[in-house]
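What's in protein.cif: mmCIF, C-alpha atoms; chains and numbers go by the auth columns
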data_model
loop_
_atom_site.group_PDB
_atom_site.id
_atom_site.type_symbol
_atom_site.label_atom_id
_atom_site.label_comp_id
_atom_site.label_asym_id
_atom_site.label_seq_id
_atom_site.Cartn_x
_atom_site.Cartn_y
_atom_site.Cartn_z
_atom_site.B_iso_or_equiv
_atom_site.auth_seq_id
_atom_site.auth_asym_id
ATOM 1 C CA MET A 1 0.000 0.000 0.000 0.00 1 Y
ATOM 2 C CA ILE A 2 1.424 3.353 -1.074 0.00 2 Y
ATOM 3 C CA ASP A 3 0.187 6.523 0.624 0.00 3 Y
ATOM 4 C CA LYS A 4 -0.584 9.567 -1.491 0.00 4 Y
ATOM 5 C CA HIS A 5 2.125 12.214 -1.452 0.00 5 Y
ATOM 6 C CA GLU A 6 -0.211 14.888 -0.128 0.00 6 Y
ATOM 7 C CA ASP A 7 -1.223 12.625 2.760 0.00 7 Y
ATOM 8 C CA ILE A 8 2.411 11.913 3.615 0.00 8 Y
ATOM 9 C CA ARG A 9 3.290 15.598 3.403 0.00 9 Y
ATOM 10 C CA ASP A 10 0.466 16.572 5.764 0.00 10 Y
ATOM 11 C CA PHE A 11 1.294 13.699 8.114 0.00 11 Y
ATOM 12 C CA ILE A 12 4.998 14.572 8.410 0.00 12 Y
ATOM 13 C CA HIS A 13 4.215 18.273 8.755 0.00 13 Y
ATOM 14 C CA ASN A 14 2.083 17.528 11.819 0.00 14 Y
ATOM 15 C CA LEU A 15 4.605 15.258 13.540 0.00 15 Y
ATOM 16 C CA PRO A 16 6.260 16.698 16.660 0.00 16 Y
ATOM 17 C CA ASP A 17 9.910 17.781 16.494 0.00 17 Y
ATOM 18 C CA GLU A 18 10.976 14.835 18.654 0.00 18 Y
ATOM 19 C CA TYR A 19 10.883 12.654 15.538 0.00 19 Y
ATOM 20 C CA ASP A 20 13.607 14.682 13.822 0.00 20 Y
ATOM 21 C CA ILE A 21 16.231 13.697 16.385 0.00 21 Y
ATOM 22 C CA LEU A 22 15.990 10.704 18.657 0.00 22 Y
ATOM 23 C CA GLU A 23 15.508 12.348 22.043 0.00 23 Y
ATOM 24 C CA GLU A 24 16.253 9.184 23.947 0.00 24 Y
ATOM 25 C CA GLY A 25 19.837 8.001 24.009 0.00 25 Y
ATOM 26 C CA ILE A 26 20.677 4.946 21.923 0.00 26 Y
ATOM 27 C CA ASP A 27 23.769 2.970 22.869 0.00 27 Y
ATOM 28 C CA VAL A 28 26.321 2.355 20.130 0.00 28 Y
ATOM 29 C CA GLN A 29 25.943 -1.434 20.166 0.00 29 Y
ATOM 30 C CA THR A 30 22.187 -1.220 19.559 0.00 30 Y
ATOM 31 C CA GLN A 31 22.692 1.331 16.780 0.00 31 Y
ATOM 32 C CA GLU A 32 25.193 -0.916 15.006 0.00 32 Y
ATOM 33 C CA GLU A 33 23.031 -4.014 15.451 0.00 33 Y
ATOM 34 C CA TYR A 34 19.949 -2.251 14.122 0.00 34 Y
ATOM 35 C CA ILE A 35 21.720 -0.750 11.109 0.00 35 Y
ATOM 36 C CA ASN A 36 23.302 -4.079 10.147 0.00 36 Y
ATOM 37 C CA TYR A 37 19.969 -5.879 10.539 0.00 37 Y
ATOM 38 C CA SER A 38 18.046 -3.182 8.705 0.00 38 Y
ATOM 39 C CA ASP A 39 20.468 -3.257 5.779 0.00 39 Y
ATOM 40 C CA SER A 40 19.507 -6.893 5.165 0.00 40 Y
ATOM 41 C CA PHE A 41 15.909 -5.849 4.310 0.00 41 Y
ATOM 42 C CA GLU A 42 14.579 -4.258 1.143 0.00 42 Y
ATOM 43 C CA GLN A 43 11.792 -1.684 1.313 0.00 43 Y
ATOM 44 C CA GLY A 44 8.563 -3.681 1.227 0.00 44 Y
ATOM 45 C CA GLU A 45 4.932 -3.139 0.339 0.00 45 Y
ATOM 46 C CA LEU A 46 1.809 -4.457 2.099 0.00 46 Y
ATOM 47 C CA THR A 47 -1.880 -3.574 2.105 0.00 47 Y
ATOM 48 C CA LYS A 48 -3.261 -1.711 5.103 0.00 48 Y
ATOM 49 C CA ASP A 49 -4.896 -4.900 6.426 0.00 49 Y
ATOM 50 C CA GLN A 50 -1.662 -6.878 6.007 0.00 50 Y
ATOM 51 C CA THR A 51 0.266 -4.130 7.801 0.00 51 Y
ATOM 52 C CA ILE A 52 -2.168 -4.164 10.729 0.00 52 Y
ATOM 53 C CA TYR A 53 -2.011 -7.964 10.900 0.00 53 Y
ATOM 54 C CA LEU A 54 1.792 -7.838 10.999 0.00 54 Y
ATOM 55 C CA GLY A 55 1.736 -5.095 13.609 0.00 55 Y
ATOM 56 C CA ASN A 56 -0.470 -7.131 15.952 0.00 56 Y
ATOM 57 C CA ILE A 57 2.532 -9.341 16.645 0.00 57 Y
ATOM 58 C CA LEU A 58 4.090 -6.471 18.600 0.00 58 Y
ATOM 59 C CA PHE A 59 1.232 -6.476 21.104 0.00 59 Y
ATOM 60 C CA ASN A 60 1.153 -10.253 21.547 0.00 60 Y
ATOM 61 C CA THR A 61 2.823 -10.964 24.901 0.00 61 Y
ATOM 62 C CA LYS A 62 3.517 -14.561 23.874 0.00 62 Y
ATOM 63 C CA LYS A 63 5.661 -13.620 20.885 0.00 63 Y
ATOM 64 C CA GLU A 64 9.448 -13.824 21.176 0.00 64 Y
ATOM 65 C CA ILE A 65 11.476 -10.612 21.316 0.00 65 Y
ATOM 66 C CA GLU A 66 13.452 -11.589 18.217 0.00 66 Y
ATOM 67 C CA ALA A 67 10.204 -11.912 16.274 0.00 67 Y
ATOM 68 C CA LYS A 68 9.160 -8.427 17.400 0.00 68 Y
ATOM 69 C CA LYS A 69 12.524 -6.974 16.363 0.00 69 Y
ATOM 70 C CA LYS A 70 11.988 -8.408 12.895 0.00 70 Y
ATOM 71 C CA VAL A 71 8.439 -7.020 12.735 0.00 71 Y
ATOM 72 C CA LEU A 72 9.629 -3.574 13.788 0.00 72 Y
ATOM 73 C CA THR A 73 12.238 -3.568 11.030 0.00 73 Y
ATOM 74 C CA LEU A 74 9.756 -4.812 8.424 0.00 74 Y
ATOM 75 C CA LEU A 75 7.247 -2.134 9.425 0.00 75 Y
ATOM 76 C CA ALA A 76 9.941 0.546 9.284 0.00 76 Y
ATOM 77 C CA HIS A 77 10.808 -0.488 5.739 0.00 77 Y
ATOM 78 C CA LEU A 78 7.192 -0.222 4.606 0.00 78 Y
ATOM 79 C CA GLY A 79 7.472 3.530 5.097 0.00 79 Y
ATOM 80 C CA THR A 80 3.704 4.069 5.315 0.00 80 Y
ATOM 81 C CA ILE A 81 1.536 6.125 7.632 0.00 81 Y
ATOM 82 C CA THR A 82 -0.166 2.970 8.922 0.00 82 Y
ATOM 83 C CA ALA A 83 3.173 1.323 9.703 0.00 83 Y
ATOM 84 C CA PHE A 84 4.405 4.464 11.458 0.00 84 Y
ATOM 85 C CA ARG A 85 1.291 4.683 13.624 0.00 85 Y
ATOM 86 C CA ILE A 86 1.644 1.034 14.669 0.00 86 Y
ATOM 87 C CA ILE A 87 5.293 1.498 15.658 0.00 87 Y
ATOM 88 C CA GLU A 88 4.415 4.759 17.395 0.00 88 Y
ATOM 89 C CA LYS A 89 1.701 3.030 19.450 0.00 89 Y
ATOM 90 C CA TYR A 90 4.068 0.238 20.462 0.00 90 Y
ATOM 91 C CA HIS A 91 6.820 2.772 21.235 0.00 91 Y
ATOM 92 C CA LYS A 92 4.629 4.244 23.983 0.00 92 Y
ATOM 93 C CA ASN A 93 4.709 0.948 25.898 0.00 93 Y
ATOM 94 C CA PRO A 94 7.307 -1.397 24.356 0.00 94 Y
ATOM 95 C CA ASP A 95 8.981 -4.467 25.750 0.00 95 Y
ATOM 96 C CA VAL A 96 11.763 -2.960 27.856 0.00 96 Y
ATOM 97 C CA THR A 97 14.546 -4.951 26.206 0.00 97 Y
ATOM 98 C CA ILE A 98 13.794 -3.513 22.757 0.00 98 Y
ATOM 99 C CA LYS A 99 12.800 0.028 23.685 0.00 99 Y
ATOM 100 C CA GLN A 100 15.803 1.504 21.851 0.00 100 Y
ATOM 101 C CA TRP A 101 15.256 -0.798 18.866 0.00 101 Y
ATOM 102 C CA THR A 102 11.690 0.486 18.680 0.00 102 Y
ATOM 103 C CA ALA A 103 12.868 4.105 18.698 0.00 103 Y
ATOM 104 C CA LEU A 104 15.247 3.394 15.805 0.00 104 Y
ATOM 105 C CA SER A 105 12.479 1.623 13.908 0.00 105 Y
ATOM 106 C CA LEU A 106 10.151 4.591 14.358 0.00 106 Y
ATOM 107 C CA GLN A 107 12.780 6.991 13.080 0.00 107 Y
ATOM 108 C CA GLU A 108 13.642 4.817 10.090 0.00 108 Y
ATOM 109 C CA CYS A 109 9.976 4.563 9.124 0.00 109 Y
ATOM 110 C CA LYS A 110 9.800 8.364 9.127 0.00 110 Y
ATOM 111 C CA MET A 111 12.920 8.398 6.980 0.00 111 Y
ATOM 112 C CA PHE A 112 11.251 6.191 4.354 0.00 112 Y
ATOM 113 C CA LEU A 113 8.123 8.346 4.428 0.00 113 Y
ATOM 114 C CA GLU A 114 10.206 11.441 3.740 0.00 114 Y
ATOM 115 C CA SER A 115 12.182 9.759 0.971 0.00 115 Y
ATOM 116 C CA GLU A 116 8.889 8.881 -0.736 0.00 116 Y
ATOM 117 C CA LEU A 117 8.288 12.616 -1.160 0.00 117 Y
ATOM 118 C CA THR A 118 11.747 13.535 -2.433 0.00 118 Y
ATOM 119 C CA ASP A 119 12.908 10.327 -4.169 0.00 119 Y
ATOM 120 C CA GLN A 120 16.116 10.785 -2.222 0.00 120 Y
ATOM 121 C CA SER A 121 17.664 8.648 0.453 0.00 121 Y
ATOM 122 C CA ALA A 122 17.165 10.246 3.846 0.00 122 Y
ATOM 123 C CA GLY A 123 18.868 9.618 7.154 0.00 123 Y
ATOM 124 C CA PHE A 124 18.202 9.999 10.818 0.00 124 Y
ATOM 125 C CA ILE A 125 20.320 11.117 13.736 0.00 125 Y
ATOM 126 C CA SER A 126 20.798 9.216 16.954 0.00 126 Y
ATOM 127 C CA SER A 127 23.376 9.153 19.689 0.00 127 Y
ATOM 128 C CA GLY A 128 23.998 7.662 23.074 0.00 128 Y
ATOM 129 C CA LEU A 129 22.973 10.888 24.826 0.00 129 Y
ATOM 130 C CA GLY A 130 20.015 11.674 22.595 0.00 130 Y
ATOM 131 C CA GLY A 131 18.787 15.187 21.848 0.00 131 Y
ATOM 132 C CA LEU A 132 15.921 17.655 22.030 0.00 132 Y
ATOM 133 C CA ASP A 133 14.318 20.254 19.750 0.00 133 Y
ATOM 134 C CA LYS A 134 16.698 19.799 16.792 0.00 134 Y
ATOM 135 C CA ARG A 135 19.718 19.739 19.103 0.00 135 Y
ATOM 136 C CA LEU A 136 22.063 16.891 20.026 0.00 136 Y
ATOM 137 C CA ARG A 137 23.261 16.388 23.585 0.00 137 Y
ATOM 138 C CA TYR A 138 27.025 16.425 24.265 0.00 138 Y
ATOM 139 C CA TYR A 139 29.251 15.984 27.280 0.00 139 Y
ATOM 140 C CA PHE A 140 32.331 18.243 27.477 0.00 140 Y
ATOM 141 C CA LEU A 141 35.313 17.903 29.824 0.00 141 Y
ATOM 142 C CA LEU A 142 37.650 20.854 30.465 0.00 142 Y
ATOM 143 C CA LEU A 143 40.913 20.730 32.419 0.00 143 Y
ATOM 144 C CA PRO A 144 43.132 23.294 34.182 0.00 144 Y
ATOM 145 C CA SER A 145 46.129 24.441 32.165 0.00 145 Y
ATOM 146 C CA THR A 146 48.506 23.639 35.032 0.00 146 Y
ATOM 147 C CA ASP A 147 48.762 20.941 37.689 0.00 147 Y
ATOM 148 C CA ARG A 148 47.061 23.286 40.150 0.00 148 Y
ATOM 149 C CA PRO A 149 43.301 22.813 40.676 0.00 149 Y
ATOM 150 C CA PHE A 150 40.753 25.365 39.515 0.00 150 Y
ATOM 151 C CA THR A 151 40.078 28.108 42.052 0.00 151 Y
ATOM 152 C CA VAL A 152 36.554 29.085 43.085 0.00 152 Y
ATOM 153 C CA LEU A 153 36.826 32.249 40.979 0.00 153 Y
ATOM 154 C CA GLN A 154 38.057 30.328 37.932 0.00 154 Y
ATOM 155 C CA LYS A 155 35.166 27.855 38.196 0.00 155 Y
ATOM 156 C CA ASP A 156 32.707 30.738 38.390 0.00 156 Y
ATOM 157 C CA ILE A 157 34.274 32.292 35.277 0.00 157 Y
ATOM 158 C CA ILE A 158 34.093 28.991 33.382 0.00 158 Y
ATOM 159 C CA ARG A 159 30.431 28.495 34.246 0.00 159 Y
ATOM 160 C CA GLU A 160 29.503 32.045 33.256 0.00 160 Y
ATOM 161 C CA GLU A 161 31.485 32.076 29.995 0.00 161 Y
ATOM 162 C CA LEU A 162 30.201 28.645 28.908 0.00 162 Y
ATOM 163 C CA ASN A 163 26.633 29.775 29.503 0.00 163 Y
ATOM 164 C CA LEU A 164 27.172 33.022 27.576 0.00 164 Y
ATOM 165 C CA VAL A 165 28.847 31.310 24.613 0.00 165 Y
ATOM 166 C CA SER A 166 26.211 28.576 24.535 0.00 166 Y
ATOM 167 C CA LYS A 167 23.428 31.138 24.518 0.00 167 Y
ATOM 168 C CA SER A 168 25.089 33.039 21.663 0.00 168 Y
ATOM 169 C CA LEU A 169 25.159 29.827 19.608 0.00 169 Y
ATOM 170 C CA ASN A 170 21.545 28.859 20.378 0.00 170 Y
ATOM 171 C CA SER A 171 22.792 26.010 22.575 0.00 171 Y
ATOM 172 C CA ILE A 172 21.425 25.028 25.988 0.00 172 Y
ATOM 173 C CA VAL A 173 23.584 24.165 28.987 0.00 173 Y
ATOM 174 C CA GLU A 174 21.795 21.457 30.975 0.00 174 Y
ATOM 175 C CA SER A 175 24.357 20.946 33.726 0.00 175 Y
ATOM 176 C CA VAL A 176 27.858 21.989 34.798 0.00 176 Y
ATOM 177 C CA ASP A 177 29.944 19.831 37.150 0.00 177 Y
ATOM 178 C CA LEU A 178 32.531 22.098 38.763 0.00 178 Y
ATOM 179 C CA SER A 179 35.290 19.907 40.190 0.00 179 Y
ATOM 180 C CA ASP A 180 38.731 21.077 41.323 0.00 180 Y
ATOM 181 C CA THR A 181 40.496 18.984 38.668 0.00 181 Y
ATOM 182 C CA PHE A 182 38.008 19.231 35.803 0.00 182 Y
ATOM 183 C CA VAL A 183 34.791 20.868 34.648 0.00 183 Y
ATOM 184 C CA GLY A 184 32.158 18.674 33.030 0.00 184 Y
ATOM 185 C CA MET A 185 29.303 20.201 31.041 0.00 185 Y
ATOM 186 C CA VAL A 186 26.250 18.663 29.393 0.00 186 Y
ATOM 187 C CA ALA A 187 24.789 20.837 26.639 0.00 187 Y
ATOM 188 C CA LEU A 188 22.311 20.638 23.778 0.00 188 Y
ATOM 189 C CA VAL A 189 23.923 21.872 20.556 0.00 189 Y
ATOM 190 C CA PRO A 190 21.996 22.681 17.322 0.00 190 Y
ATOM 191 C CA LEU A 191 22.787 20.575 14.271 0.00 191 Y
ATOM 192 C CA ASP A 192 24.070 23.613 12.374 0.00 192 Y
ATOM 193 C CA VAL A 193 26.618 24.529 15.074 0.00 193 Y
ATOM 194 C CA ALA A 194 30.028 22.864 15.054 0.00 194 Y
ATOM 195 C CA VAL A 195 30.629 21.312 18.450 0.00 195 Y
ATOM 196 C CA GLY A 196 34.249 22.441 18.392 0.00 196 Y
ATOM 197 C CA THR A 197 33.164 26.030 17.815 0.00 197 Y
ATOM 198 C CA LEU A 198 31.146 26.100 21.019 0.00 198 Y
ATOM 199 C CA ILE A 199 33.724 24.645 23.359 0.00 199 Y
ATOM 200 C CA GLU A 200 36.780 26.302 21.784 0.00 200 Y
ATOM 201 C CA LYS A 201 35.092 29.686 21.883 0.00 201 Y
ATOM 202 C CA GLY A 202 34.254 29.041 25.533 0.00 202 Y
ATOM 203 C CA ILE A 203 37.855 28.132 26.352 0.00 203 Y
ATOM 204 C CA ASN A 204 39.156 31.236 24.570 0.00 204 Y
ATOM 205 C CA LYS A 205 36.762 33.474 26.484 0.00 205 Y
ATOM 206 C CA CYS A 206 37.882 31.970 29.791 0.00 206 Y
ATOM 207 C CA ASN A 207 41.559 32.320 28.929 0.00 207 Y
ATOM 208 C CA GLU A 208 41.154 35.996 28.131 0.00 208 Y
ATOM 209 C CA LEU A 209 40.824 36.328 31.899 0.00 209 Y
ATOM 210 C CA GLY A 210 43.895 34.375 32.949 0.00 210 Y
ATOM 211 C CA ASP A 211 44.932 31.570 30.607 0.00 211 Y
ATOM 212 C CA PHE A 212 43.882 28.904 33.122 0.00 212 Y
ATOM 213 C CA VAL A 213 41.959 26.409 30.921 0.00 213 Y
ATOM 214 C CA PHE A 214 43.843 23.735 28.985 0.00 214 Y
ATOM 215 C CA GLU A 215 43.354 24.176 25.226 0.00 215 Y
ATOM 216 C CA ASP A 216 42.721 20.481 24.593 0.00 216 Y
ATOM 217 C CA TYR A 217 39.387 19.080 25.728 0.00 217 Y
ATOM 218 C CA PHE A 218 37.209 15.967 25.600 0.00 218 Y
ATOM 219 C CA VAL A 219 33.757 15.748 23.998 0.00 219 Y
ATOM 220 C CA THR A 220 31.354 12.878 23.366 0.00 220 Y
ATOM 221 C CA ASN A 221 27.690 12.381 22.486 0.00 221 Y
ATOM 222 C CA GLN A 222 27.629 8.720 23.532 0.00 222 Y
ATOM 223 C CA ASN A 223 27.659 8.725 27.336 0.00 223 Y
ATOM 224 C CA ILE A 224 28.436 10.715 30.472 0.00 224 Y
ATOM 225 C CA PRO A 225 31.643 9.182 31.860 0.00 225 Y
ATOM 226 C CA ASP A 226 31.863 8.014 35.456 0.00 226 Y
ATOM 227 C CA LYS A 227 34.694 8.939 37.830 0.00 227 Y
ATOM 228 C CA ALA A 228 36.977 6.105 36.723 0.00 228 Y
ATOM 229 C CA GLU A 229 36.471 7.003 33.059 0.00 229 Y
ATOM 230 C CA ILE A 230 37.097 10.688 33.787 0.00 230 Y
ATOM 231 C CA ASN A 231 40.451 9.846 35.386 0.00 231 Y
ATOM 232 C CA ASP A 232 41.433 7.909 32.257 0.00 232 Y
ATOM 233 C CA ILE A 233 40.216 10.742 30.006 0.00 233 Y
ATOM 234 C CA ILE A 234 42.265 13.299 31.927 0.00 234 Y
ATOM 235 C CA LYS A 235 45.417 11.226 31.392 0.00 235 Y
ATOM 236 C CA ILE A 236 44.691 10.876 27.659 0.00 236 Y
ATOM 237 C CA VAL A 237 43.938 14.578 27.122 0.00 237 Y
ATOM 238 C CA LYS A 238 46.989 15.700 29.064 0.00 238 Y
ATOM 239 C CA ASP A 239 49.275 13.294 27.169 0.00 239 Y
ATOM 240 C CA GLU A 240 48.083 14.390 23.694 0.00 240 Y
#
Represent the structure contained in this file as structure tokens.
Amino acid sequence: MIDKHEDIRDFIHNLPDEYDILEEGIDVQTQEEYINYSDSFEQGELTKDQTIYLGNILFNTKKEIEAKKKVLTLLAHLGTITAFRIIEKYHKNPDVTIKQWTALSLQECKMFLESELTDQSAGFISSGLGGLDKRLRYYFLLLPSTDRPFTVLQKDIIREELNLVSKSLNSIVESVDLSDTFVGMVALVPLDVAVGTLIEKGINKCNELGDFVFEDYFVTNQNIPDKAEINDIIKIVKDE
């Protein structure tokens, strides 16, 4: 079953922004597994009744998880409004073990819907830390330029300058962890802003007031490191 272009256009136009970027974090292993599995399927075509029949498997508590993963991928590759709505309904209350798989399936189905309008291959964006409102979430780690810890004044300067720079680049600082030996920041960065621009501009602004922030830094959009990982990161950044 192929939806009419005007129906697809209206449908996509009315979808919330959360479907442009996966708001929930998706771990790297699940992303790789899904992409590899998805690549083994061609884009299919089913009637509306056949699509609904296939989708019912998702809500059958007796069905194996592997069977549901296959159904989710098949539905995603149909790229129809009916398939999207079925995945969307399941996504609201999925089996816990395939919650991330379901999110990827939902996004891929949207991708196929959009490509139907443009005849071009589309893509979607996901990361371990997720995103919000057309922004991706990143974790940044800044270090002192010397072996001495940051002072209270220096930490206040870092927090203020990072907030000012982020605001100027339409980014949102969600949290700042002010430690003596490092500063960790979680921020939402728009897709059209280079991540390096934000943090390097922030470092430069801080160093105008004393040259106390190390020029090299760490950034990731996959996870927020724990204390043990931070210690390893500090050693790597300092040795570069």
| task | Could you tell me which of Y:Glu160, Y:Thr80, Y:Cys206, Y:Lys167 comes closest to Glu114 in chain Y if we count only C-alpha atoms? | result |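 Of the candidates, the smallest distance to Glu114 in chain Y is held by Y:Thr80.
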| said: Using the chain letters and numbers from this file, what does the PyMOL selection byres ((chain Y and resi 27) around 12) select? Give the answer as a ChimeraX atom specification. | reply: /Y:22,24-26,28-34,98-101,103-104,126-130,221-224
| request: Using only C-alpha atoms, pick whichever of Y:Arg137, Y:Lys201, Y:Gln107, Y:Val152 has the shortest atom-to-atom distance to Val173 in chain Y. | output: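 Closest residue, counting only C-alpha atoms: Y:Arg137.
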| field | Selection: 12 Å around Glu215 in chain Y, all atoms listed in the file, excl. self and same-chain fewer than 3 positions, as an NGL selection string | value | :Y and (141-146 or 196 or 199-207 or 211-212 or 218 or 237-238 or 240)
| Counting all atoms listed in the file, the residue of Y:Ser38, Y:Gln43, Y:Thr102, Y:Asn93 that sits nearest Lys68 in chain Y |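 Smallest distance to Lys68 in chain Y is found for Y:Thr102.
With all atoms listed in the file as the atoms that count, the minimum distance from Gly184 in chain Y to the choices Y:Tyr138, Y:Phe84, Y:Tyr53, Y:Phe112 is reached by Y:Tyr138.
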| query | Restricting the calculation to all atoms listed in the file, which member of Y:Leu78, Y:Leu178, Y:Val193, Y:Ile230 is positioned closest to Leu54 in chain Y? | reply |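 Among the listed residues, the smallest separation from Leu54 in chain Y belongs to Y:Leu78.
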| note | What separates CA of Leu209 in chain Y and CA of Lys155 in chain Y is a distance of 12.0 Å
| message | Going by the chain IDs and residue numbers used in this file, which residues fall under the PyMOL selection byres ((chain Y and resi 89) around 12)? Write them as number ranges by chain. | response | Y: 52, 55-56, 58-59, 72, 82-88, 90-94, 102-103, 106
| message | Report, in Å to a single decimal, how far apart CA of Glu229 in chain Y and CA of Asn170 in chain Y are. | response |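 Between CA of Asn170 in chain Y and CA of Glu229 in chain Y the gap is 29.3 Å.
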| message | Which residue is closest to Ser105 in chain Y? Choose from Y:Thr73, Y:Thr181, Y:Ser171, Y:Ser40 and count only C-alpha atoms. | response |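 Closest residue, counting only C-alpha atoms: Y:Thr73.
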| said: Using the chain letters and numbers from this file, what does the PyMOL selection byres ((chain Y and resi 45) around 9) select? Give the answer as a list in words. | reply: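 Expected selection for the PyMOL selection byres ((chain Y and resi 45) around 9) here is Met1, Ile2, Gln43, Gly44, Leu46, Thr47, Thr51, His77, Leu78, Gly79 and Thr80 of chain Y.
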| query | If you count only C-alpha atoms, which residues fall within 12 Å of Asp239 in chain Y, apart from same-chain ones fewer than 3 positions away, as a list in words? | reply |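 Here the qualifying residues turn out to be Phe214, Asp216, Tyr217, Asp232, Ile233, Ile234, Lys235 and Ile236 of chain Y.
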| message | Just the number, please: distance in Å from CA of Asp180 in chain Y to CA of Gly131 in chain Y, one decimal. | response |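 Between these atoms lies a distance of 28.5 Å.
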